[in-house]
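Working notes for the structure below.
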Amino acid sequence: MHGANLLEIYVFVLAGFVGFFTITRVPALLHTPLMSATNAISAISLVGSLVLAGADRGLLATVLGFIAVTSATINVVGGFIITDRMLKMFKRAGPPRTAAGEKR
Amino acid sequence: MSPRTVVIEAAYLAASLLFILGLRSLTVPDRARRGMQLAALGMLVAVVGTLLNHDIVRYDWIIAGLVLGSLIGYPLGVYVPMTAMPQRIAISHMFGAVAATLVGVAEYWTLGNGALVGRAEMAALGFEVLFGSLTITGSFMAFGKLQELLPSRPLTFRGQNVLSVGMFLAALGLFTWLLVDPAHPHAFYAMVALGLVFGVSLVLPIGGADMPVVISLLNSYAGLASAATGFAIGNNVLIIAGALDGASGFILSIIMSRAMNRSFTNVLFGAFGAAPQASAKTTAGLAVHAITPEDAAIQLAYARLVIVVPGYGMAVAQAQHQVRELAALIEKNGGTVLYAIHPVAGRMPGHMNVLLAEADVPYDKLKEMDDVNGDFKNADVALVIGANDVVNPAARTDKGSPIYGMPILNVDEAKQVIVLKRSMNPGFAGIENELFYRDNTAMLFGDAKQSIGKVIHEVKQQA
């Protein structure tokens with residue numbers, strides 16, 4: 001295994017930790033938006049699909065790339081819109097808490 | 001590094017930071033929206049950066065894919081009703097997995113059908129197509145069940161678990177073979193096919209009530225497939241975003257399993273309800289106490305504290321707006337209305353919260369189980385709307401019950417319990433609920449939306 005792969009494993013593990021500590025703090029209230037948000041974010045596989053569709057490595061690869069770009073774009077566009085739609089609905093009754101604990 | 005590469009990598013780094021900031025913002029509801037808009041900006045930055053890539057020599061298929069994807073994605077974002085959110089999320093896991101799997105298959109194919117694939121890359125590609133393929137069909141089956149194209153009860157047959165596990169082991173065997181020598185195209189494509197079939201056999205035996213765990217698990221797999229894509233094509237932003245998604249889905253599935261007091265294995269291979277265990281207690285000979293909307297209105301109109309316990313039945317009847325209207329009337333009379341949300345109420349994590357937020361219920365009135373359970377003893381009325389297992393006292397007392405040990409909402413401690421239910425048919429899991437037969441429980445039968453409509457009418461008459 002060469003150096004680049006090892007570095008990638010570092011990145012994966014560290015990102016997983018960041019994800020773990022961030023997401024355990026998301027309240028159950030927002031679990032549905034959380035799921036649609038992470039789904040939209042992981043549609044970043046669009047990046048790989050774009051290269052595949054545009055690299056001209058033969059018709060099969062290009063067509064598979066085209067389908068992949070389409071699928072990933074559906075999640076990017078639809079995912080961020082629907083997450084925003086959901087988050088827009090969550091309103092509180094009282095005035096927003098401005099305690100220091102909220103800001104940090 | 002060429003200047004162009006530097007720009008691309010900088011774009012990816014910016015995107016990764018914006019994604020993490022976006023997820024972090026979800027810890028505070030008031031800031032969540034702005035944070036996710038930043039994450040969307042991050043996505044745009046990453047896409048623009050990618051288009052500068054040297055390998056991209058033609059843009060026709062890219063533009064076609066982006067346009068078609070936007071044309072399909074936009075209505076899926078704008079017009080899908082909140083009640084359809086579980087199936088909407090399930091199908092989006094499928095789209096994500098399709099993208100990851102196809103990139104993996106094409107990568108393998110363009111590298112001389114495996115001849116030019118190194119072992120490390122084969123490991124990444126293997127995880128990518130395995131997680132991807134089982135998520136494609138698994139999510140599609142989950143979508144089918146939630147959309148009621150397929151029966152939501154568990155579909156089982158003899159030897160199903162053996163077959164599922166066998167297929168999974170066969171896929172792992174092929175994967176191991178490919179790691180030893182990647183240049184076996186037949187093994188590679190057979191592995192993809194096995195993954196697809198395994199996804200079907202994994203989800204078919206899982207019933208509707210267990211969907212929160214399954215959706216979370218598929219969410220995790222879709223993320224891991226993306227991360228594996230990142231390993232395969234050496235792209236860090238994919239690894240980071242995939243790891244975040246994988247972690248999120250994993251945490252949610254743990255929370256959901258815990259809320260049902262069951263293990264993953266039990267959810268996946270237990271086929272809840274397929275072989276109904278005899279409950280230790282039977283309710284034969286007991287009578288329920290049915291009431292009319294008028295009676296319910298009398299109890300609710302001047303109650304000081306009402307705790308609403310919504311369940312999947314509220315979603316089916318789409319009664320959330322009526323619930324909100326009734327709550328407004330009670331509040332006008334000086335009462336307080338809270339909502340007790342069980343983690344697995346509904347068909348996906350947070351399902352009830354989204355529906356009630358859609359009906360303009362302020363989110364500070366939506367209480368998590370542990371925060372609200374102490375309040376039931378002070379409640380004049382606990383109004384149970386289409387919830388069953390999450391309020392079944394058997395979970396506390398009856399060791400023979402399949403749901404024994406599951407944390408539940410303590411509605412039975414309220415002075416009066418009013419249960420809105422379609423009929424006395426036991427819920428999906430086929431478990432009798434002794435709550436319905438208690439002295440302080442009254443049953444209001446009928447469609448939840450219509451029943452609450454009548455109660456609202458009666459409360460208005462009294463005012």
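Identifiers for the structure tokens are assigned positionally: chains receive A, B, ... in sequence, residues are indexed from 1 per chain, and ligands are indexed from 1 in the order shown.
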Could you name the residues that touch region 74-80 of chain A at 9 Å or less, counting only C-alpha atoms, but leaving out those on the same chain fewer than 2 positions away, as an mmCIF file with N, CA and C atoms, in the first residue's frame?
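Dumped to result06.cif:
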```cif
data_model
loop_
_atom_site.group_PDB
_atom_site.id
_atom_site.type_symbol
_atom_site.label_atom_id
_atom_site.label_comp_id
_atom_site.auth_asym_id
_atom_site.auth_seq_id
_atom_site.Cartn_x
_atom_site.Cartn_y
_atom_site.Cartn_z
ATOM 1 N N SER A 36 -31.767 13.983 5.291
ATOM 2 C CA SER A 36 -31.805 14.489 3.922
ATOM 3 C C SER A 36 -30.585 15.368 3.660
ATOM 4 N N ALA A 37 -30.058 16.032 4.697
ATOM 5 C CA ALA A 37 -28.864 16.859 4.515
ATOM 6 C C ALA A 37 -27.638 16.007 4.219
ATOM 7 N N THR A 38 -27.439 14.936 5.005
ATOM 8 C CA THR A 38 -26.260 14.106 4.756
ATOM 9 C C THR A 38 -26.387 13.419 3.406
ATOM 10 N N ASN A 39 -27.621 13.118 3.023
ATOM 11 C CA ASN A 39 -27.821 12.505 1.719
ATOM 12 C C ASN A 39 -27.441 13.468 0.598
ATOM 13 N N ALA A 40 -27.845 14.728 0.749
ATOM 14 C CA ALA A 40 -27.491 15.739 -0.256
ATOM 15 C C ALA A 40 -25.978 15.912 -0.300
ATOM 16 N N ILE A 41 -25.351 15.939 0.877
ATOM 17 C CA ILE A 41 -23.902 16.152 0.923
ATOM 18 C C ILE A 41 -23.155 14.974 0.308
ATOM 19 N N SER A 42 -23.636 13.758 0.562
ATOM 20 C CA SER A 42 -22.898 12.616 0.019
ATOM 21 C C SER A 42 -23.142 12.470 -1.476
ATOM 22 N N ALA A 43 -24.053 13.270 -2.024
ATOM 23 C CA ALA A 43 -24.190 13.326 -3.486
ATOM 24 C C ALA A 43 -22.989 14.015 -4.103
ATOM 25 N N ILE A 44 -21.979 14.324 -3.284
ATOM 26 C CA ILE A 44 -20.708 14.826 -3.792
ATOM 27 C C ILE A 44 -20.077 13.795 -4.723
ATOM 28 N N LEU A 46 -21.130 13.160 -7.217
ATOM 29 C CA LEU A 46 -21.277 13.865 -8.489
ATOM 30 C C LEU A 46 -19.904 14.228 -9.063
ATOM 31 N N VAL A 69 -24.060 11.023 -13.333
ATOM 32 C CA VAL A 69 -24.211 12.476 -13.153
ATOM 33 C C VAL A 69 -25.681 12.800 -12.910
ATOM 34 N N THR A 70 -26.569 12.166 -13.699
ATOM 35 C CA THR A 70 -27.999 12.432 -13.532
ATOM 36 C C THR A 70 -28.455 12.058 -12.120
ATOM 37 N N SER A 71 -28.111 10.844 -11.666
ATOM 38 C CA SER A 71 -28.551 10.396 -10.337
ATOM 39 C C SER A 71 -28.018 11.313 -9.246
ATOM 40 N N ALA A 72 -26.725 11.637 -9.336
ATOM 41 C CA ALA A 72 -26.134 12.464 -8.279
ATOM 42 C C ALA A 72 -26.739 13.862 -8.293
ATOM 43 N N ILE A 82 -35.109 20.175 -0.526
ATOM 44 C CA ILE A 82 -36.064 19.623 0.434
ATOM 45 C C ILE A 82 -35.581 19.824 1.871
ATOM 46 N N THR A 83 -34.266 19.795 2.071
ATOM 47 C CA THR A 83 -33.741 20.070 3.414
ATOM 48 C C THR A 83 -34.100 21.490 3.817
ATOM 49 N N ASP A 84 -33.919 22.411 2.890
ATOM 50 C CA ASP A 84 -34.246 23.812 3.180
ATOM 51 C C ASP A 84 -35.733 23.967 3.466
ATOM 52 N N ARG A 85 -36.546 23.266 2.668
ATOM 53 C CA ARG A 85 -37.997 23.349 2.876
ATOM 54 C C ARG A 85 -38.375 22.886 4.271
ATOM 55 N N MET B 36 -27.124 25.004 6.259
ATOM 56 C CA MET B 36 -27.277 24.096 5.119
ATOM 57 C C MET B 36 -27.158 24.852 3.805
ATOM 58 N N GLN B 37 -27.492 26.141 3.816
ATOM 59 C CA GLN B 37 -27.267 26.926 2.594
ATOM 60 C C GLN B 37 -25.766 27.043 2.319
ATOM 61 N N ALA B 39 -23.644 24.720 3.105
ATOM 62 C CA ALA B 39 -23.255 23.408 2.579
ATOM 63 C C ALA B 39 -23.584 23.312 1.096
ATOM 64 N N ALA B 40 -24.728 23.884 0.694
ATOM 65 C CA ALA B 40 -25.099 23.875 -0.724
ATOM 66 C C ALA B 40 -24.088 24.683 -1.536
ATOM 67 N N MET B 43 -21.168 22.586 -2.159
ATOM 68 C CA MET B 43 -21.385 21.660 -3.269
ATOM 69 C C MET B 43 -21.111 22.360 -4.601
ATOM 70 N N LEU B 66 -26.434 16.936 -16.029
ATOM 71 C CA LEU B 66 -26.769 17.974 -15.056
ATOM 72 C C LEU B 66 -28.180 18.507 -15.296
ATOM 73 N N LEU B 68 -30.737 16.976 -16.989
ATOM 74 C CA LEU B 68 -31.751 15.955 -16.702
ATOM 75 C C LEU B 68 -31.905 15.747 -15.190
ATOM 76 N N GLY B 69 -30.767 15.681 -14.479
ATOM 77 C CA GLY B 69 -30.812 15.497 -13.035
ATOM 78 C C GLY B 69 -31.543 16.641 -12.346
ATOM 79 N N SER B 70 -31.300 17.876 -12.828
ATOM 80 C CA SER B 70 -31.983 19.025 -12.223
ATOM 81 C C SER B 70 -33.478 18.975 -12.507
ATOM 82 N N LEU B 71 -33.818 18.563 -13.738
ATOM 83 C CA LEU B 71 -35.236 18.498 -14.098
ATOM 84 C C LEU B 71 -35.983 17.486 -13.232
ATOM 85 N N ILE B 72 -35.312 16.373 -12.876
ATOM 86 C CA ILE B 72 -35.956 15.376 -12.017
ATOM 87 C C ILE B 72 -35.860 15.796 -10.555
ATOM 88 N N GLY B 73 -34.698 16.324 -10.167
ATOM 89 C CA GLY B 73 -34.466 16.644 -8.761
ATOM 90 C C GLY B 73 -35.295 17.807 -8.259
ATOM 91 N N TYR B 74 -35.511 18.808 -9.105
ATOM 92 C CA TYR B 74 -36.238 19.990 -8.661
ATOM 93 C C TYR B 74 -37.654 19.662 -8.176
ATOM 94 N N PRO B 75 -38.466 18.962 -9.004
ATOM 95 C CA PRO B 75 -39.792 18.603 -8.483
ATOM 96 C C PRO B 75 -39.713 17.689 -7.254
ATOM 97 N N LEU B 76 -38.707 16.810 -7.198
ATOM 98 C CA LEU B 76 -38.571 15.940 -6.017
ATOM 99 C C LEU B 76 -38.266 16.763 -4.773
ATOM 100 N N GLY B 77 -37.682 17.941 -4.974
ATOM 101 C CA GLY B 77 -37.398 18.802 -3.834
ATOM 102 C C GLY B 77 -38.564 19.699 -3.485
ATOM 103 N N VAL B 78 -39.258 20.210 -4.515
ATOM 104 C CA VAL B 78 -40.243 21.265 -4.279
ATOM 105 C C VAL B 78 -41.644 20.721 -4.026
ATOM 106 N N ILE B 89 -36.923 10.016 1.056
ATOM 107 C CA ILE B 89 -35.551 9.833 1.538
ATOM 108 C C ILE B 89 -35.021 8.476 1.068
ATOM 109 N N SER B 92 -33.915 8.605 -2.441
ATOM 110 C CA SER B 92 -32.700 9.391 -2.651
ATOM 111 C C SER B 92 -31.457 8.579 -2.278
ATOM 112 N N HIS B 93 -31.598 7.658 -1.304
ATOM 113 C CA HIS B 93 -30.455 6.773 -1.032
ATOM 114 C C HIS B 93 -30.149 5.935 -2.259
ATOM 115 N N PHE B 95 -30.621 6.806 -5.468
ATOM 116 C CA PHE B 95 -29.917 7.616 -6.469
ATOM 117 C C PHE B 95 -28.439 7.777 -6.123
ATOM 118 N N GLY B 96 -28.168 8.047 -4.827
ATOM 119 C CA GLY B 96 -26.777 8.203 -4.407
ATOM 120 C C GLY B 96 -25.982 6.936 -4.670
#
```
Would you mind listing what lies within 8 Å of Phe131 (chain B) as a PDB file with C-alpha atoms, in the first residue's frame, with only C-alpha atoms counted and same-chain residues fewer than 4 positions away left out?
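Now in part_18.pdb:
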```
ATOM      1  CA  ALA B  97     -25.905   4.517  -4.541  1.00  0.00           C
ATOM      2  CA  PHE B 127     -16.487  -1.862  -1.085  1.00  0.00           C
ATOM      3  CA  THR B 135     -28.155   0.017  -1.253  1.00  0.00           C
ATOM      4  CA  GLY B 195     -25.078  -7.268  -4.093  1.00  0.00           C
ATOM      5  CA  TYR B 221     -24.307   2.382   3.376  1.00  0.00           C
ATOM      6  CA  ALA B 222     -24.919   5.059   0.735  1.00  0.00           C
ATOM      7  CA  LEU B 224     -19.840   4.468   2.794  1.00  0.00           C
ATOM      8  CA  ALA B 225     -20.259   3.762  -0.932  1.00  0.00           C
TER       9      ALA B 225
END
```
Mind listing as number ranges by chain which residues of chain A are within 6 Å of chain B, counting only C-alpha atoms? A: 12, 15-16, 19-20, 22, 25-26, 29, 31-32, 38, 42-43, 45, 51, 53-55, 61, 64, 66, 68-74, 77-78, 81-82, 87, 89-93
Separation of CA of Ala290 (chain B) and CA of Thr441 (chain B), in Å? 8.9 Å
Got a sec: who's within 6 Å of region 146-158 of chain B, counting only C-alpha atoms, leaving out chain neighbours fewer than 6 positions off, as an MDAnalysis selection string? chainID B and resid 87 204:208
Would you mind exporting the chosen residues as an mmCIF file, in the first residue's frame, restricted to N, CA and C atoms?
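This is the output file selection_1.cif:
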```cif
data_model
loop_
_atom_site.group_PDB
_atom_site.id
_atom_site.type_symbol
_atom_site.label_atom_id
_atom_site.label_comp_id
_atom_site.auth_asym_id
_atom_site.auth_seq_id
_atom_site.Cartn_x
_atom_site.Cartn_y
_atom_site.Cartn_z
ATOM 1 N N GLN B 87 -40.517 7.819 2.083
ATOM 2 C CA GLN B 87 -40.200 7.196 0.798
ATOM 3 C C GLN B 87 -39.322 8.095 -0.061
ATOM 4 N N LEU B 204 -36.890 -7.033 2.067
ATOM 5 C CA LEU B 204 -38.234 -7.611 1.954
ATOM 6 C C LEU B 204 -38.781 -8.156 3.276
ATOM 7 N N PRO B 205 -37.962 -8.859 4.078
ATOM 8 C CA PRO B 205 -38.542 -9.406 5.313
ATOM 9 C C PRO B 205 -38.684 -8.392 6.434
ATOM 10 N N ILE B 206 -38.420 -7.125 6.168
ATOM 11 C CA ILE B 206 -38.480 -6.144 7.247
ATOM 12 C C ILE B 206 -39.803 -5.391 7.186
ATOM 13 N N GLY B 207 -40.487 -5.323 8.316
ATOM 14 C CA GLY B 207 -41.811 -4.718 8.349
ATOM 15 C C GLY B 207 -41.766 -3.212 8.472
ATOM 16 N N GLY B 208 -42.927 -2.593 8.211
ATOM 17 C CA GLY B 208 -43.031 -1.143 8.194
ATOM 18 C C GLY B 208 -42.533 -0.465 9.465
#
```
Quick one: residues within 8 Å of Ser253 (chain B), only C-alpha atoms counted, chain neighbours fewer than 5 positions away excluded, as a PyMOL selection string? chain B and resi 212-214+216-217
What parts of region 20-81 of chain B does DSSP call alpha helix (DSSP H)? I'd like the answer as a PyMOL selection string. chain B and resi 20-25+29-51+60-78
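CA of Tyr404 (chain B) lies 24.0 Å from CA of Tyr339 (chain B).
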Interatomic distance (Å, one decimal) between CA of Ala296 (chain B) and CA of Ala319 (chain B): 16.5 Å
